[in-house]
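Notes follow once the structure below has been shown.
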There are 2 protein chains.
Amino acid sequence: MSVGHTAVTVLPVSSYAEEDCGIREVLDRIGDKWSVLVIVELTPGVRRFRQLQRALPGISQRMLTLTVRRLERDGLVARTVHPTVPPQVEYRLTDLGNSFTHMVKALAEWSADHRDRIADSRRAWDEANPGSDVR
Amino acid sequence: MSVGHTAVTVLPVSSYAEEDCGIREVLDRIGDKWSVLVIVELTPGVRRFRQLQRALPGISQRMLTLTVRRLERDGLVARTVHPTVPPQVEYRLTDLGNSFTHMVKALAEWSADHRDRIADSRRAWDEANPGSDVR
DNA sequence: CAGCATCCCGATGGATACTG
DNA sequence: CAGTATCCATCGGGATGCTG
C-alpha cells in the first residue's frame, strides 16, 4: 500500500463556513435550550441551585443539572459547594462566562431591534405560502 | 364571577431570563444545526442552491431546503428564481440578514479568542471527573 | 436542598428515491 | 439544477422516583 492510499478524507474545500471559523463550537455550547438562559440568570450575580430553577420556569432538575455542569466544564460557570446541612451550592459566572455575557447582550438587543420586522416577514411569508410545512 | 378571578397566571417573577428578553427567539432562529452556517456562507455574496450545498459539507438537500426556507420566512435571506432550463435559484442576504452577520462575526471572534481556554477547562474537568456522562 | 438514575416521547435531521 | 416526498435513527429533554 502506497502512501496516501487509505483514508484520504476528501472534503473538497469549504469556502467559508467550514470548521475553520469556530461558529459551530459556539453553537454547540449555546445552541441548546437552556445554557444562555442560565448565563443570563447568573449575570447579576451568584445564584443557588433552587434559585436558578425557580428563575427559569419550565426547566427540569435534570436539565438544570446538565446545563450547569456543561457550563462548569467549559469554564463559564464556577460551582461552589458549602458542606452544610442542608447542602448549599452556589453558581457564579467566571471571567470567561462574564465575557460571554456581552455576546448575549448583543444578541438580545439585535432580537429586540428586529423582532417586529421578523414577525412581519413571517406573516407575509405565511400568507404567500399557505399550507406550507416549513414554519 | 368577579373580575380578576380566573386565569391569574401566577408565574412568580423570573428575575431576568424569562420571555421578556428576547434571547429565546434568537436561539430558536440560529440554534439549529445549519442556519448560521448558511448565513456565513452567504456573507460574501449571492450563492445558488448547489453552491451552498457544496460549501456546507454534510448538509442534506432536505436540510438545506428547510434551513434556507426558514431564513427566507424570517426575512434574513432573499430567494430569486430564474425561470430558465435548467432552473437557477439564487440566495442572498437581505439587509436584515446582513445586520445579523455582525452578531455571527462577534460570536466567531469570541470563540476564536477563548477556544484554547475552553479546551483547557474541559480537559481539567474531565480529568477531575472521570467517567462522567456530562460531556 | 441539591442532586442522580430511569424511563420514555417527540422533534431534529440523515438517507434515499422521485420530479419538473 | 433545484427541489419534494418518505422513511427512519438518534437524541435532546421532560416526568418521575429515590438519596445524601
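Naming scheme: A, B, ... for chains in displayed order of the C-alpha cells; residues 1 onward per chain; ligands 1 onward as shown.
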Within 7 Å of chain B: each chain A residue with its shortest pair, only C-alpha atoms, as a tab-separated table:
residue	atom	partner	partner_atom	distance
A:Ser14	CA	B:Ala55	CA	4.7
A:Ser15	CA	B:Ala55	CA	5.9
A:Tyr16	CA	B:Glu41	CA	5.8
A:Ala17	CA	B:Leu37	CA	5.4
A:Glu18	CA	B:Leu56	CA	6.7
A:Cys21	CA	B:Ala108	CA	6.5
A:Gly22	CA	B:Ala108	CA	5.5
A:Ile23	CA	B:Ala108	CA	5.2
A:Val26	CA	B:Ser111	CA	6.2
A:Leu27	CA	B:Gly31	CA	6.5
A:Gly31	CA	B:Gly31	CA	4.3
A:Asp32	CA	B:Gly31	CA	6.8
A:Leu37	CA	B:Ala17	CA	5.4
A:Val40	CA	B:Ala17	CA	5.7
A:Glu41	CA	B:Ala17	CA	5.5
A:Ala55	CA	B:Ser14	CA	4.6
A:Leu56	CA	B:Ser14	CA	6.6
A:Leu66	CA	B:Val134	CA	6.5
A:Arg69	CA	B:Val134	CA	6.9
A:Arg70	CA	B:Val134	CA	6.7
A:Arg73	CA	B:Arg122	CA	5.2
A:Asp74	CA	B:Ile118	CA	5.2
A:Gly75	CA	B:Ser121	CA	5.4
A:Met103	CA	B:Leu107	CA	6.7
A:Leu107	CA	B:Met103	CA	6.7
A:Ala108	CA	B:Ile23	CA	5.2
A:Ser111	CA	B:Gly22	CA	5.9
A:Ala112	CA	B:Gly22	CA	6.2
A:Ile118	CA	B:Asp74	CA	5.2
A:Ser121	CA	B:Gly75	CA	5.4
A:Arg122	CA	B:Arg73	CA	5.2
A:Trp125	CA	B:Arg73	CA	5.5
A:Val134	CA	B:Leu66	CA	6.5
A:Arg135	CA	B:Arg70	CA	6.6
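Here the strand (DSSP E) residues in chain B, by DSSP on the backbone, are Arg47, Arg48, Val77, Ala78, Arg79, Thr80, Val81, His82, Gln88, Val89, Glu90, Tyr91, Arg92 and Leu93 of chain B.
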*Within 12 Å of chain B, which residues of chain C show up when using only C-alpha atoms (C1' of nucleotides), listed as number ranges by chain?*
C: 4, 11-16, 20
_Proximal residues of chain D relative to chain A (only C-alpha atoms (C1' of nucleotides); 12 Å) as a PyMOL selection string_ = chain D and resi 4+12-16+20
*Can you list every residue in chain A that DSSP puts in helix (DSSP H, G or I), as a ChimeraX atom specification?*
/A:23-30,35-42,49-55,61-74,95-128
Kindly export the residues of the current selection with C-alpha atoms, as a CSV table (one decimal), in the first residue's frame.
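Written out: part.csv:
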chain,number,residue,atom,x,y,z
A,23,ILE,CA,-19.1,29.1,14.8
A,24,ARG,CA,-20.0,25.5,15.2
A,25,GLU,CA,-18.2,25.4,18.5
A,26,VAL,CA,-20.2,28.4,19.9
A,27,LEU,CA,-23.4,27.0,18.7
A,28,ASP,CA,-22.7,23.6,20.3
A,29,ARG,CA,-22.2,25.5,23.5
A,30,ILE,CA,-25.1,27.9,23.5
A,35,SER,CA,-27.4,27.4,28.5
A,36,VAL,CA,-27.9,31.0,27.5
A,37,LEU,CA,-30.8,31.4,29.8
A,38,VAL,CA,-28.7,30.1,32.7
A,39,ILE,CA,-25.9,32.5,31.8
A,40,VAL,CA,-28.4,35.4,31.7
A,41,GLU,CA,-29.7,34.4,35.0
A,42,LEU,CA,-26.2,34.4,36.5
A,49,PHE,CA,-29.5,25.7,42.5
A,50,ARG,CA,-33.1,26.1,43.5
A,51,GLN,CA,-32.9,29.8,42.8
A,52,LEU,CA,-31.9,29.1,39.3
A,53,GLN,CA,-34.6,26.6,38.8
A,54,ARG,CA,-37.2,29.0,40.1
A,55,ALA,CA,-35.9,31.7,37.9
A,61,GLN,CA,-33.9,19.4,37.6
A,62,ARG,CA,-32.2,17.1,35.2
A,63,MET,CA,-31.7,19.8,32.6
A,64,LEU,CA,-30.6,22.4,35.0
A,65,THR,CA,-28.0,20.0,36.4
A,66,LEU,CA,-26.8,19.0,33.0
A,67,THR,CA,-26.7,22.6,31.7
A,68,VAL,CA,-24.8,24.0,34.7
A,69,ARG,CA,-22.4,21.0,34.6
A,70,ARG,CA,-21.5,21.6,31.0
A,71,LEU,CA,-21.1,25.3,31.6
A,72,GLU,CA,-18.8,24.5,34.5
A,73,ARG,CA,-16.9,22.0,32.3
A,74,ASP,CA,-16.4,24.8,29.7
A,95,ASP,CA,-14.4,35.9,33.9
A,96,LEU,CA,-14.8,33.8,30.8
A,97,GLY,CA,-18.5,33.5,31.5
A,98,ASN,CA,-18.8,37.2,32.0
A,99,SER,CA,-17.1,37.9,28.7
A,100,PHE,CA,-19.6,35.8,27.0
A,101,THR,CA,-22.3,37.9,28.6
A,102,HIS,CA,-21.5,40.6,26.2
A,103,MET,CA,-22.4,38.4,23.3
A,104,VAL,CA,-25.7,37.5,24.8
A,105,LYS,CA,-26.4,41.1,25.4
A,106,ALA,CA,-25.7,42.0,21.8
A,107,LEU,CA,-27.9,39.1,20.6
A,108,ALA,CA,-30.7,40.2,22.8
A,109,GLU,CA,-30.5,43.7,21.5
A,110,TRP,CA,-30.5,42.6,18.0
A,111,SER,CA,-33.5,40.5,18.7
A,112,ALA,CA,-35.4,43.3,20.3
A,113,ASP,CA,-34.5,45.7,17.5
A,114,HIS,CA,-35.7,43.4,14.7
A,115,ARG,CA,-38.4,41.4,16.4
A,116,ASP,CA,-41.3,43.3,14.7
A,117,ARG,CA,-39.7,43.2,11.3
A,118,ILE,CA,-39.2,39.4,11.6
A,119,ALA,CA,-42.7,39.0,12.7
A,120,ASP,CA,-44.0,40.9,9.7
A,121,SER,CA,-41.8,38.9,7.4
A,122,ARG,CA,-43.2,35.7,8.8
A,123,ARG,CA,-46.8,36.8,8.4
A,124,ALA,CA,-46.2,37.9,4.8
A,125,TRP,CA,-44.4,34.6,4.0
A,126,ASP,CA,-47.1,32.5,5.6
A,127,GLU,CA,-49.7,34.4,3.7
A,128,ALA,CA,-47.8,33.9,0.5
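CA of Gly131 (chain B) is positioned 27.5 Å from CA of Val85 (chain A).
CA of Val46 (chain A) lies 17.6 Å from CA of Thr84 (chain A).
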*One decimal, Å: what's the distance from CA of Ala78 (chain B) over to C1' of DG3 (chain D), could you say?*
16.7 Å
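Considering only C-alpha atoms (C1' of nucleotides), the residue among A:Thr80, A:Gln88, A:Thr94, A:Ser132 positioned nearest to DA2 (chain C) is A:Gln88.
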